[in-house]
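Note sheet for the following structure.
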Amino acid sequence: MSFLSLLDFAAVLVFALTGALVASRAQLDLIGFGFFAGLTGLGGGTVRDILLDRTPIWIVDPTYLAIAGVAAVLVFFTAHLLESRYNAILWLDALALPVAVAAGAGVSHELGQPWAIVLVMGVATGCAGGLMRDVVANEVPLVLKKGELYVTCAFVGSSAILLTPWIGVLAAGAACAVLTFALRAGSLVWGWSLPVYKPRPPRR
Amino acid sequence: MSFLSLLDFAAVLVFALTGALVASRAQLDLIGFGFFAGLTGLGGGTVRDILLDRTPIWIVDPTYLAIAGVAAVLVFFTAHLLESRYNAILWLDALALPVAVAAGAGVSHELGQPWAIVLVMGVATGCAGGLMRDVVANEVPLVLKKGELYVTCAFVGSSAILLTPWIGVLAAGAACAVLTFALRAGSLVWGWSLPVYKPRPPRR
Amino acid sequence: MSFLSLLDFAAVLVFALTGALVASRAQLDLIGFGFFAGLTGLGGGTVRDILLDRTPIWIVDPTYLAIAGVAAVLVFFTAHLLESRYNAILWLDALALPVAVAAGAGVSHELGQPWAIVLVMGVATGCAGGLMRDVVANEVPLVLKKGELYVTCAFVGSSAILLTPWIGVLAAGAACAVLTFALRAGSLVWGWSLPVYKPRPPRR
């Protein structure tokens with residue numbers, strides 16, 4: 001198995017876990033867990049593949065579906081052990097985002113896309129699954145959270161893949177994931193953020 | 001006309017009716033009815049076709065668009081005759097879901113997809129149109145309703161299509177639809193459900 | 001540059017401005033502005049291209065991404081100068097809709113699609129970007145606004161492209177945009193609307 005498909009598998013697994021946890025907050029049944037695990041785990045890669053006119057990975061290789069199913073079953077029977085499911089979602093998402101960004105940017109780079117497309121595909125693959133999860137589950141999308149870095153982590157992390165010609169896809173993909181995770185974790189723990197748009201204060 | 005395209009037509013019609021009824025709840029004009037009828041009626045099949053890299057059915061054959069248009073006009077002028085539009089939506093949706101599941105699973109099976117993909121396509125074709133309708137119209141998606149079978153009906157019903165090699169596509173498609181509808185109707189009338197995830201009760 | 005790609009560029013720019021303004025209402029950072037500018041600006045054309053099985057315009061020509069980026073930067077540093085950002089969104093959207101409708105209908109017509117598909121593609125290209133913007137940003141979609149023409153403007157305007165064989169694509173595209181804008185502006189300023197569905201008044 002190549003490094004890039006390993007990343008794809010890992011991203012599917014961890015995002016699927018977050019989807020199943022959202023299903024647990026909505027008190028769905030086991031099949032509902034599977035639905036959200038699949039939507040979240042496979043959503044980002046599917047968007048990337050359709051935009052790039054490739055057959056979605058999980059249609060080529062149904063193993064991905066099995067992974068989402070395993071994640072659903074696992075969470076269905078163990079979610080009650082968690083202290084805070086919301087925190088688990090937040091941190092698993094913070095772990096899945098970097099892996100999906102690296103997978104998205106890596107595959108696009110390997111296909112010879114120009115750098116701007118590579119960046120966008122990193123962001124789209126990273127964010128689309130979680131976005132669909134939140135929109136369908138009526139939760140506030142993480143991309144909308146004020147004063148938190150989210151899309152920004154994906155965007156900055158994505159750019160590390162452009163180092164591939166110099167350091168190889170393995171190191172560049174790893175750099176991509178580490179950079180994205182570091183920014184997201186820093187934002188969650190220490191409140192790192194960029195200046196946000198603030199409406200002009202009222203004139204006196 | 002083949003059995004499978006008949007299913008596709010029927011699913012479009014009944015889902016389009018639910019879309020138009022949602023438009024009536026939002027008090028839109030006739031074109032708004034057509035918009036929701038088209039989105040709901042054609043949404044599921046379009047998702048299936050794009051995932052399987054086929055041209056969406058309604059681009060191949062614009063008759064589908066005419067069906068959605070007819071549904072919109074019909075509902076615009078008759079919805080006031082209904083006792084409860086919400087109940088009409090619920091039951092028409094319960095009728096459309098099985099037909100769309102059978103159409104989605106049937107087409108995928110005919111294309112020679114592996115069984116796991118066939119199941120997922122049945123679920124996706126069945127659920128995607130209604131999901132887009134509910135998300136765009138700001139209603140709580142039916143897939144999120146607690147203590148009701150929805151995705152589960154699609155998933156279980158979908159599996160009946162795998163009997164095709166033994167009993168033929170006609171009987172398998174019919175079994176698929178009947179099974180899906182029976183589960184959904186049982187859930188609406190007698191409250192059938194699967195055990196749902198319940199957070200651990202607080203320890204004393 | 002052809003007339004149709006000029007329309008595409010213009011639609012991307014103006015829709016991207018509305019996306020960035022929505023990001024400013026959500027108080028996001030600069031990258032968040034870029035995310036919404038891209039989603040809104042490129043969403044409609046991407047939906048059209050995927051439905052018609054073409055490579056999305058911005059993958060063929062990343063200049064489109066640069067336009068969305070410029071819109072994001074522009075709005076980030078100047079939005080505070082606006083009296084009412086909500087009005088700016090409403091009117092920029094009213095300006096972008098006609099251009100996107102003309103671009104969507106024009107491209108589909110040029111590809112030799114039948115008239116029903118051309119109409120639908122005009123509506124889809126016009127409405128999809130703004131719809132995704134509103135759904136992701138948790139705003140009420142403009143297509144749902146009671147007593148306002150929105151989808152209707154796109155639908156009626158779209159039909160003007162069918163005059164192409166007689167008056168040429170330049171005049172037909174312009175007619176398409178002018179008609180869409182006139183209807184939308186009339187609706188915003190003078191409250192033009194079509195009769196909407198009204199539930200039956202209670203019987204005595």
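Order determines the names: the first chain of the structure tokens is A, the second B, and so forth; residues in each chain are numbered 1 upward, and ligands are numbered 1 upward as they are shown.
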
* chain A residues within 10 Å of chain C, counting only C-alpha atoms: which ones, as a ChimeraX atom specification? -> /A:50-53,113-118,120,123-124,131-132,134-135,138-141,143-156,193-201

Where does chain C end up after superposition onto chain B over all in-order Cα pairs? Give it as an mmCIF file with C-alpha atoms, in the first residue's frame.
```
data_model
loop_
_atom_site.group_PDB
_atom_site.id
_atom_site.type_symbol
_atom_site.label_atom_id
_atom_site.label_comp_id
_atom_site.auth_asym_id
_atom_site.auth_seq_id
_atom_site.Cartn_x
_atom_site.Cartn_y
_atom_site.Cartn_z
ATOM 1 C CA MET C 1 -39.587 1.268 -21.033
ATOM 2 C CA SER C 2 -37.570 -0.981 -18.767
ATOM 3 C CA PHE C 3 -38.623 -1.828 -15.217
ATOM 4 C CA LEU C 4 -35.732 0.161 -13.766
ATOM 5 C CA SER C 5 -36.534 3.358 -15.649
ATOM 6 C CA LEU C 6 -40.158 2.975 -14.575
ATOM 7 C CA LEU C 7 -38.918 2.933 -10.968
ATOM 8 C CA ASP C 8 -36.807 6.021 -11.644
ATOM 9 C CA PHE C 9 -39.810 7.893 -13.072
ATOM 10 C CA ALA C 10 -42.019 6.922 -10.148
ATOM 11 C CA ALA C 11 -39.404 7.950 -7.576
ATOM 12 C CA VAL C 12 -38.974 11.324 -9.273
ATOM 13 C CA LEU C 13 -42.709 11.956 -9.330
ATOM 14 C CA VAL C 14 -43.396 11.121 -5.690
ATOM 15 C CA PHE C 15 -40.294 12.858 -4.313
ATOM 16 C CA ALA C 16 -41.136 15.893 -6.459
ATOM 17 C CA LEU C 17 -44.566 15.995 -4.806
ATOM 18 C CA THR C 18 -42.911 16.119 -1.362
ATOM 19 C CA GLY C 19 -40.609 18.889 -2.549
ATOM 20 C CA ALA C 20 -43.527 20.928 -3.811
ATOM 21 C CA LEU C 21 -45.340 20.417 -0.514
ATOM 22 C CA VAL C 22 -42.326 21.705 1.372
ATOM 23 C CA ALA C 23 -42.390 24.746 -0.949
ATOM 24 C CA SER C 24 -46.043 25.242 -0.036
ATOM 25 C CA ARG C 25 -45.129 25.270 3.667
ATOM 26 C CA ALA C 26 -42.543 27.943 2.845
ATOM 27 C CA GLN C 27 -45.209 29.897 0.876
ATOM 28 C CA LEU C 28 -43.181 30.173 -2.318
ATOM 29 C CA ASP C 29 -44.480 30.981 -5.806
ATOM 30 C CA LEU C 30 -45.014 28.493 -8.631
ATOM 31 C CA ILE C 31 -41.409 28.621 -9.824
ATOM 32 C CA GLY C 32 -40.252 28.059 -6.245
ATOM 33 C CA PHE C 33 -42.465 24.974 -6.206
ATOM 34 C CA GLY C 34 -40.742 23.791 -9.372
ATOM 35 C CA PHE C 35 -37.320 24.436 -7.837
ATOM 36 C CA PHE C 36 -38.031 22.283 -4.791
ATOM 37 C CA ALA C 37 -39.841 19.647 -6.848
ATOM 38 C CA GLY C 38 -36.806 19.341 -9.100
ATOM 39 C CA LEU C 39 -34.241 19.413 -6.295
ATOM 40 C CA THR C 40 -36.056 16.717 -4.325
ATOM 41 C CA GLY C 41 -37.227 14.591 -7.222
ATOM 42 C CA LEU C 42 -33.982 14.569 -9.160
ATOM 43 C CA GLY C 43 -31.486 14.977 -6.284
ATOM 44 C CA GLY C 44 -31.111 11.339 -5.302
ATOM 45 C CA GLY C 45 -30.721 10.002 -8.832
ATOM 46 C CA THR C 46 -28.291 12.797 -9.683
ATOM 47 C CA VAL C 47 -26.058 11.960 -6.720
ATOM 48 C CA ARG C 48 -26.085 8.287 -7.737
ATOM 49 C CA ASP C 49 -25.279 9.070 -11.364
ATOM 50 C CA ILE C 50 -22.440 11.460 -10.556
ATOM 51 C CA LEU C 51 -20.875 9.030 -8.081
ATOM 52 C CA LEU C 52 -21.053 6.288 -10.714
ATOM 53 C CA ASP C 53 -19.765 8.692 -13.388
ATOM 54 C CA ARG C 54 -22.915 8.483 -15.513
ATOM 55 C CA THR C 55 -24.676 11.457 -17.089
ATOM 56 C CA PRO C 56 -27.566 12.371 -14.761
ATOM 57 C CA ILE C 57 -30.792 10.754 -15.978
ATOM 58 C CA TRP C 58 -32.600 14.037 -16.497
ATOM 59 C CA ILE C 59 -29.882 15.342 -18.814
ATOM 60 C CA VAL C 60 -30.162 12.186 -20.915
ATOM 61 C CA ASP C 61 -33.953 12.390 -20.907
ATOM 62 C CA PRO C 62 -35.557 15.762 -20.054
ATOM 63 C CA THR C 63 -38.907 13.996 -19.535
ATOM 64 C CA TYR C 64 -37.845 13.773 -15.896
ATOM 65 C CA LEU C 65 -37.866 17.564 -15.715
ATOM 66 C CA ALA C 66 -41.383 17.612 -17.094
ATOM 67 C CA ILE C 67 -42.477 15.191 -14.363
ATOM 68 C CA ALA C 68 -41.072 17.466 -11.670
ATOM 69 C CA GLY C 69 -42.838 20.397 -13.321
ATOM 70 C CA VAL C 70 -46.162 18.572 -13.374
ATOM 71 C CA ALA C 71 -45.770 17.701 -9.690
ATOM 72 C CA ALA C 72 -45.130 21.359 -8.888
ATOM 73 C CA VAL C 73 -48.232 22.578 -10.741
ATOM 74 C CA LEU C 74 -50.387 19.840 -9.261
ATOM 75 C CA VAL C 75 -49.393 20.656 -5.685
ATOM 76 C CA PHE C 76 -49.607 24.436 -6.214
ATOM 77 C CA PHE C 77 -53.291 24.166 -7.089
ATOM 78 C CA THR C 78 -54.385 21.334 -4.811
ATOM 79 C CA ALA C 79 -52.326 21.493 -1.602
ATOM 80 C CA HIS C 80 -55.030 23.524 0.111
ATOM 81 C CA LEU C 81 -57.305 20.471 -0.114
ATOM 82 C CA LEU C 82 -55.078 18.491 2.242
ATOM 83 C CA GLU C 83 -55.974 18.160 5.905
ATOM 84 C CA SER C 84 -52.333 18.130 6.980
ATOM 85 C CA ARG C 85 -49.543 18.971 4.593
ATOM 86 C CA TYR C 86 -46.978 17.694 7.050
ATOM 87 C CA ASN C 87 -48.584 14.252 7.120
ATOM 88 C CA ALA C 88 -48.817 14.259 3.343
ATOM 89 C CA ILE C 89 -45.083 14.991 3.118
ATOM 90 C CA LEU C 90 -44.294 12.243 5.623
ATOM 91 C CA TRP C 91 -46.321 9.602 3.793
ATOM 92 C CA LEU C 92 -45.415 10.601 0.251
ATOM 93 C CA ASP C 93 -41.795 10.560 1.371
ATOM 94 C CA ALA C 94 -42.400 7.086 2.832
ATOM 95 C CA LEU C 95 -43.711 6.062 -0.591
ATOM 96 C CA ALA C 96 -40.912 7.710 -2.577
ATOM 97 C CA LEU C 97 -38.075 6.359 -0.438
ATOM 98 C CA PRO C 98 -38.699 2.676 -1.315
ATOM 99 C CA VAL C 99 -39.040 3.365 -5.016
ATOM 100 C CA ALA C 100 -35.849 5.445 -5.101
ATOM 101 C CA VAL C 101 -33.977 2.829 -3.069
ATOM 102 C CA ALA C 102 -35.031 0.127 -5.518
ATOM 103 C CA ALA C 103 -34.063 2.315 -8.484
ATOM 104 C CA GLY C 104 -30.693 3.202 -6.974
ATOM 105 C CA ALA C 105 -29.771 -0.304 -5.908
ATOM 106 C CA GLY C 106 -31.153 -1.806 -9.133
ATOM 107 C CA VAL C 107 -29.172 0.433 -11.464
ATOM 108 C CA SER C 108 -25.954 -0.095 -9.483
ATOM 109 C CA HIS C 109 -26.469 -3.842 -9.479
ATOM 110 C CA GLU C 110 -27.075 -3.843 -13.220
ATOM 111 C CA LEU C 111 -23.786 -1.946 -13.693
ATOM 112 C CA GLY C 112 -22.025 -4.856 -11.994
ATOM 113 C CA GLN C 113 -20.979 -2.970 -8.856
ATOM 114 C CA PRO C 114 -19.929 -5.060 -5.838
ATOM 115 C CA TRP C 115 -22.629 -5.621 -3.213
ATOM 116 C CA ALA C 116 -21.298 -3.037 -0.746
ATOM 117 C CA ILE C 117 -21.515 -0.306 -3.384
ATOM 118 C CA VAL C 118 -24.995 -1.482 -4.383
ATOM 119 C CA LEU C 119 -26.168 -1.104 -0.774
ATOM 120 C CA VAL C 120 -24.657 2.355 -0.435
ATOM 121 C CA MET C 121 -26.134 3.494 -3.745
ATOM 122 C CA GLY C 122 -29.574 2.310 -2.651
ATOM 123 C CA VAL C 123 -29.256 4.353 0.522
ATOM 124 C CA ALA C 124 -27.768 7.401 -1.250
ATOM 125 C CA THR C 125 -30.368 7.451 -4.035
ATOM 126 C CA GLY C 126 -33.137 7.022 -1.506
ATOM 127 C CA CYS C 127 -32.012 9.597 1.019
ATOM 128 C CA ALA C 128 -30.142 12.328 -0.892
ATOM 129 C CA GLY C 129 -33.142 14.046 -2.516
ATOM 130 C CA GLY C 130 -35.096 14.361 0.713
ATOM 131 C CA LEU C 131 -31.966 15.392 2.563
ATOM 132 C CA MET C 132 -31.255 18.269 0.163
ATOM 133 C CA ARG C 133 -34.922 19.304 0.344
ATOM 134 C CA ASP C 134 -34.780 19.476 4.143
ATOM 135 C CA VAL C 135 -31.387 21.182 4.344
ATOM 136 C CA VAL C 136 -32.296 23.892 1.816
ATOM 137 C CA ALA C 137 -35.747 24.426 3.341
ATOM 138 C CA ASN C 138 -34.337 24.671 6.884
ATOM 139 C CA GLU C 139 -36.416 21.697 8.070
ATOM 140 C CA VAL C 140 -35.008 19.007 10.395
ATOM 141 C CA PRO C 141 -33.802 16.250 8.020
ATOM 142 C CA LEU C 142 -35.894 13.064 8.288
ATOM 143 C CA VAL C 143 -32.639 11.098 8.693
ATOM 144 C CA LEU C 144 -32.172 12.870 12.042
ATOM 145 C CA LYS C 145 -35.558 11.994 13.535
ATOM 146 C CA LYS C 146 -35.072 10.228 16.859
ATOM 147 C CA GLY C 147 -36.706 6.840 17.369
ATOM 148 C CA GLU C 148 -37.752 6.497 13.741
ATOM 149 C CA LEU C 149 -36.406 4.145 11.124
ATOM 150 C CA TYR C 150 -35.324 5.965 7.993
ATOM 151 C CA VAL C 151 -31.803 5.236 6.778
ATOM 152 C CA THR C 152 -32.287 1.776 8.253
ATOM 153 C CA CYS C 153 -35.293 1.089 5.979
ATOM 154 C CA ALA C 154 -33.245 2.130 2.958
ATOM 155 C CA PHE C 155 -30.311 -0.006 4.050
ATOM 156 C CA VAL C 156 -32.289 -3.166 4.767
ATOM 157 C CA GLY C 157 -34.524 -2.731 1.719
ATOM 158 C CA SER C 158 -31.513 -2.135 -0.504
ATOM 159 C CA SER C 159 -30.092 -5.536 0.383
ATOM 160 C CA ALA C 160 -33.050 -7.321 -1.249
ATOM 161 C CA ILE C 161 -31.705 -6.328 -4.679
ATOM 162 C CA LEU C 162 -28.886 -8.828 -4.086
ATOM 163 C CA LEU C 163 -31.445 -11.571 -4.760
ATOM 164 C CA THR C 164 -31.539 -10.539 -8.445
ATOM 165 C CA PRO C 165 -29.417 -13.452 -9.709
ATOM 166 C CA TRP C 166 -31.944 -15.909 -8.260
ATOM 167 C CA ILE C 167 -35.331 -14.239 -8.719
ATOM 168 C CA GLY C 168 -34.707 -11.669 -11.469
ATOM 169 C CA VAL C 169 -34.528 -7.894 -11.321
ATOM 170 C CA LEU C 170 -38.313 -7.446 -11.385
ATOM 171 C CA ALA C 171 -38.988 -9.513 -8.277
ATOM 172 C CA ALA C 172 -35.865 -8.312 -6.479
ATOM 173 C CA GLY C 173 -36.659 -4.657 -7.176
ATOM 174 C CA ALA C 174 -40.208 -5.181 -5.957
ATOM 175 C CA ALA C 175 -38.951 -6.957 -2.821
ATOM 176 C CA CYS C 176 -36.576 -4.077 -2.230
ATOM 177 C CA ALA C 177 -39.366 -1.488 -2.421
ATOM 178 C CA VAL C 178 -41.877 -3.508 -0.390
ATOM 179 C CA LEU C 179 -39.367 -4.231 2.373
ATOM 180 C CA THR C 180 -38.285 -0.570 2.590
ATOM 181 C CA PHE C 181 -41.876 0.640 2.672
ATOM 182 C CA ALA C 182 -42.977 -1.964 5.231
ATOM 183 C CA LEU C 183 -40.218 -0.921 7.631
ATOM 184 C CA ARG C 184 -40.861 2.787 7.178
ATOM 185 C CA ALA C 185 -44.633 2.439 7.496
ATOM 186 C CA GLY C 186 -44.213 0.210 10.555
ATOM 187 C CA SER C 187 -42.015 2.857 12.078
ATOM 188 C CA LEU C 188 -44.511 5.654 11.366
ATOM 189 C CA VAL C 189 -47.611 3.710 12.493
ATOM 190 C CA TRP C 190 -46.447 1.388 15.245
ATOM 191 C CA GLY C 191 -43.262 3.154 16.265
ATOM 192 C CA TRP C 192 -40.956 0.340 15.171
ATOM 193 C CA SER C 193 -37.370 1.278 15.913
ATOM 194 C CA LEU C 194 -33.952 -0.096 16.641
ATOM 195 C CA PRO C 195 -32.264 0.487 19.992
ATOM 196 C CA VAL C 196 -30.778 3.978 19.832
ATOM 197 C CA TYR C 197 -27.654 5.219 21.449
ATOM 198 C CA LYS C 198 -28.352 6.463 24.965
ATOM 199 C CA PRO C 199 -25.745 8.306 26.956
ATOM 200 C CA ARG C 200 -24.754 6.467 30.148
ATOM 201 C CA PRO C 201 -27.158 7.255 32.982
ATOM 202 C CA PRO C 202 -25.444 9.317 35.672
ATOM 203 C CA ARG C 203 -23.736 7.188 38.331
ATOM 204 C CA ARG C 204 -24.969 7.565 41.846
#
```

* From the DSSP assignment of the backbone, select every residue of region 39-197 of chain B that is helix (DSSP H, G or I), and format the answer as a ChimeraX atom specification. => /B:39-51,57-60,63-81,85-110,115-136,142-144,151-190
